[in-house]
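Below is one structure, written out as structure tokens; the observations come after it.
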Amino acid sequence: MEKTPEKWELRLSDAFMGLEAGEKISLDLIITVYNINYGQNTELLQRSENLAGYAQFVAKVRENGAAMPLEQAVTEAVRYCIRNRILASFLEEHGSEVVNMAFGEWDWDEAKEAWQEEAREEGRVETLNEVLELLKQGYRAEELEAKLSSKVIGK
């Protein structure tokens, strides 16, 4: 919320305790930080629709937060962004996770389970597509079963 430059550097060594001013460091990590708040670094945001959408989402949460409780502000920002096609496909699929993450209700076990279910679903779709392709090629049921079971077993 406070005014920050559009770009600055952070050094890992700045976090070292007991380091004297000017003391020589053998190895340091320097990273460039970009301010992606809405209205900042417009050239950078124009290069990434997702990054620009995220900046708009955060700005909407802040705007809403001035007039309503935070949970409602985040929920309304998700709805606003979906209506206005800002990160719409992502928020349609993951909007409830976004709201939960904003309040520390994120559960890694639940997330892992959801990701595994998504992977299983992708596998089912892949297998179905493979079966359809083999049927088009004239494979019979017994041949399909043999081909697919050898794939599952890893032969």
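Residues are named by chain letter and number: chains run A, B, ... in the order of the structure tokens, numbers start at 1 in each chain, and ligands are numbered from 1 in the order shown.
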Q.
Please list as a PyMOL selection string every residue within 7 Å of region 8-24 of chain A, counting only C-alpha atoms and excluding residues in the same chain fewer than 6 positions away.
A. chain A and resi 30-34
Next, the residues of the selection above should be written as a PDB file, in the first residue's frame with N, CA and C atoms.
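So out-v3.pdb came out as:
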```
ATOM      1  N   ILE A  30      21.571 -11.307  -5.306  1.00  0.00           N
ATOM      2  CA  ILE A  30      20.922 -10.035  -5.585  1.00  0.00           C
ATOM      3  C   ILE A  30      19.745 -10.313  -6.518  1.00  0.00           C
ATOM      4  N   ILE A  31      18.563  -9.854  -6.109  1.00  0.00           N
ATOM      5  CA  ILE A  31      17.389 -10.055  -6.960  1.00  0.00           C
ATOM      6  C   ILE A  31      16.784  -8.697  -7.309  1.00  0.00           C
ATOM      7  N   THR A  32      16.187  -8.657  -8.479  1.00  0.00           N
ATOM      8  CA  THR A  32      15.476  -7.453  -8.907  1.00  0.00           C
ATOM      9  C   THR A  32      14.013  -7.647  -8.570  1.00  0.00           C
ATOM     10  N   VAL A  33      13.423  -6.669  -7.915  1.00  0.00           N
ATOM     11  CA  VAL A  33      12.018  -6.719  -7.517  1.00  0.00           C
ATOM     12  C   VAL A  33      11.266  -5.706  -8.369  1.00  0.00           C
ATOM     13  N   TYR A  34      10.153  -6.132  -8.940  1.00  0.00           N
ATOM     14  CA  TYR A  34       9.325  -5.247  -9.755  1.00  0.00           C
ATOM     15  C   TYR A  34       8.013  -4.979  -9.035  1.00  0.00           C
TER      16      TYR A  34
END
```
Q. Got a sec: who's within 12 Å of region 62-71 of chain A, counting only C-alpha atoms, leaving out chain neighbours fewer than 5 positions off, as a VMD selection string?
A. chain A and resid 1 37 to 38 55 to 57 76 to 80 96 98 to 105
Keeping only N, CA and C atoms, write the selected residues to a file as a PDB file, in the first residue's frame.
```
ATOM      1  N   MET A   1       0.816  -1.189   0.000  1.00  0.00           N
ATOM      2  CA  MET A   1       0.000   0.000   0.000  1.00  0.00           C
ATOM      3  C   MET A   1       0.865   1.261   0.000  1.00  0.00           C
ATOM      4  N   ASN A  37       1.946  -3.513  -8.667  1.00  0.00           N
ATOM      5  CA  ASN A  37       0.666  -2.936  -8.285  1.00  0.00           C
ATOM      6  C   ASN A  37       0.033  -2.304  -9.516  1.00  0.00           C
ATOM      7  N   TYR A  38      -1.295  -2.355  -9.561  1.00  0.00           N
ATOM      8  CA  TYR A  38      -2.022  -1.805 -10.697  1.00  0.00           C
ATOM      9  C   TYR A  38      -1.637  -0.346 -10.905  1.00  0.00           C
ATOM     10  N   ALA A  55      -2.682  -8.086 -10.998  1.00  0.00           N
ATOM     11  CA  ALA A  55      -2.596  -6.719 -10.470  1.00  0.00           C
ATOM     12  C   ALA A  55      -3.992  -6.104 -10.356  1.00  0.00           C
ATOM     13  N   GLN A  56      -4.840  -6.347 -11.345  1.00  0.00           N
ATOM     14  CA  GLN A  56      -6.206  -5.818 -11.299  1.00  0.00           C
ATOM     15  C   GLN A  56      -7.004  -6.476 -10.172  1.00  0.00           C
ATOM     16  N   PHE A  57      -6.819  -7.785 -10.001  1.00  0.00           N
ATOM     17  CA  PHE A  57      -7.519  -8.502  -8.939  1.00  0.00           C
ATOM     18  C   PHE A  57      -7.148  -7.930  -7.568  1.00  0.00           C
ATOM     19  N   GLU A  76     -15.953 -10.781  -3.530  1.00  0.00           N
ATOM     20  CA  GLU A  76     -16.514  -9.859  -4.526  1.00  0.00           C
ATOM     21  C   GLU A  76     -15.508  -9.575  -5.644  1.00  0.00           C
ATOM     22  N   ALA A  77     -14.223  -9.505  -5.313  1.00  0.00           N
ATOM     23  CA  ALA A  77     -13.198  -9.288  -6.333  1.00  0.00           C
ATOM     24  C   ALA A  77     -13.141 -10.476  -7.296  1.00  0.00           C
ATOM     25  N   VAL A  78     -13.276 -11.682  -6.767  1.00  0.00           N
ATOM     26  CA  VAL A  78     -13.312 -12.875  -7.629  1.00  0.00           C
ATOM     27  C   VAL A  78     -14.498 -12.771  -8.581  1.00  0.00           C
ATOM     28  N   ARG A  79     -15.659 -12.450  -8.051  1.00  0.00           N
ATOM     29  CA  ARG A  79     -16.864 -12.326  -8.896  1.00  0.00           C
ATOM     30  C   ARG A  79     -16.701 -11.236  -9.950  1.00  0.00           C
ATOM     31  N   TYR A  80     -16.168 -10.085  -9.527  1.00  0.00           N
ATOM     32  CA  TYR A  80     -15.957  -8.966 -10.443  1.00  0.00           C
ATOM     33  C   TYR A  80     -15.036  -9.385 -11.584  1.00  0.00           C
ATOM     34  N   SER A  96     -12.668 -20.491  -5.253  1.00  0.00           N
ATOM     35  CA  SER A  96     -12.842 -20.812  -3.829  1.00  0.00           C
ATOM     36  C   SER A  96     -11.494 -21.033  -3.153  1.00  0.00           C
ATOM     37  N   VAL A  98      -8.761 -19.469  -3.984  1.00  0.00           N
ATOM     38  CA  VAL A  98      -8.204 -18.120  -3.820  1.00  0.00           C
ATOM     39  C   VAL A  98      -8.761 -17.482  -2.555  1.00  0.00           C
ATOM     40  N   VAL A  99     -10.069 -17.588  -2.368  1.00  0.00           N
ATOM     41  CA  VAL A  99     -10.701 -17.015  -1.175  1.00  0.00           C
ATOM     42  C   VAL A  99     -10.159 -17.706   0.073  1.00  0.00           C
ATOM     43  N   ASN A 100     -10.071 -19.025   0.062  1.00  0.00           N
ATOM     44  CA  ASN A 100      -9.556 -19.762   1.224  1.00  0.00           C
ATOM     45  C   ASN A 100      -8.104 -19.409   1.525  1.00  0.00           C
ATOM     46  N   MET A 101      -7.282 -19.260   0.492  1.00  0.00           N
ATOM     47  CA  MET A 101      -5.873 -18.916   0.706  1.00  0.00           C
ATOM     48  C   MET A 101      -5.741 -17.538   1.337  1.00  0.00           C
ATOM     49  N   ALA A 102      -6.637 -16.638   0.992  1.00  0.00           N
ATOM     50  CA  ALA A 102      -6.575 -15.279   1.531  1.00  0.00           C
ATOM     51  C   ALA A 102      -6.798 -15.271   3.045  1.00  0.00           C
ATOM     52  N   PHE A 103      -7.367 -16.345   3.571  1.00  0.00           N
ATOM     53  CA  PHE A 103      -7.674 -16.389   5.001  1.00  0.00           C
ATOM     54  C   PHE A 103      -6.960 -17.510   5.721  1.00  0.00           C
ATOM     55  N   GLY A 104      -5.915 -18.011   5.130  1.00  0.00           N
ATOM     56  CA  GLY A 104      -5.099 -19.023   5.788  1.00  0.00           C
ATOM     57  C   GLY A 104      -5.801 -20.355   5.956  1.00  0.00           C
ATOM     58  N   GLU A 105      -6.851 -20.581   5.200  1.00  0.00           N
ATOM     59  CA  GLU A 105      -7.580 -21.837   5.303  1.00  0.00           C
ATOM     60  C   GLU A 105      -7.069 -22.866   4.304  1.00  0.00           C
TER      61      GLU A 105
END
```
Q: DSSP on the backbone, then: every residue of chain A marked strand (DSSP E), written as a PyMOL selection string.
A: chain A and resi 7-11+30-34
**Q.** Near-Glu93 (chain A) list (12 Å; only C-alpha atoms; drop same-chain fewer than 6 positions) as a ChimeraX atom specification
**A.** /A:78,82,87,114,118
Output N, CA and C atoms for every residue in the selection just made, as a PDB file, in the first residue's frame.
```
ATOM      1  N   VAL A  78     -13.276 -11.682  -6.767  1.00  0.00           N
ATOM      2  CA  VAL A  78     -13.312 -12.875  -7.629  1.00  0.00           C
ATOM      3  C   VAL A  78     -14.498 -12.771  -8.581  1.00  0.00           C
ATOM      4  N   ILE A  82     -14.330 -12.378 -12.745  1.00  0.00           N
ATOM      5  CA  ILE A  82     -14.965 -13.359 -13.633  1.00  0.00           C
ATOM      6  C   ILE A  82     -15.925 -12.644 -14.580  1.00  0.00           C
ATOM      7  N   LEU A  87      -8.674 -12.876 -15.580  1.00  0.00           N
ATOM      8  CA  LEU A  87      -8.275 -14.174 -15.019  1.00  0.00           C
ATOM      9  C   LEU A  87      -9.485 -15.106 -14.906  1.00  0.00           C
ATOM     10  N   ALA A 114      -6.821 -32.761  -4.358  1.00  0.00           N
ATOM     11  CA  ALA A 114      -7.468 -32.153  -5.529  1.00  0.00           C
ATOM     12  C   ALA A 114      -6.579 -32.290  -6.762  1.00  0.00           C
ATOM     13  N   GLU A 118      -7.379 -34.315 -10.188  1.00  0.00           N
ATOM     14  CA  GLU A 118      -7.257 -33.688 -11.504  1.00  0.00           C
ATOM     15  C   GLU A 118      -6.365 -34.534 -12.412  1.00  0.00           C
TER      16      GLU A 118
END
```
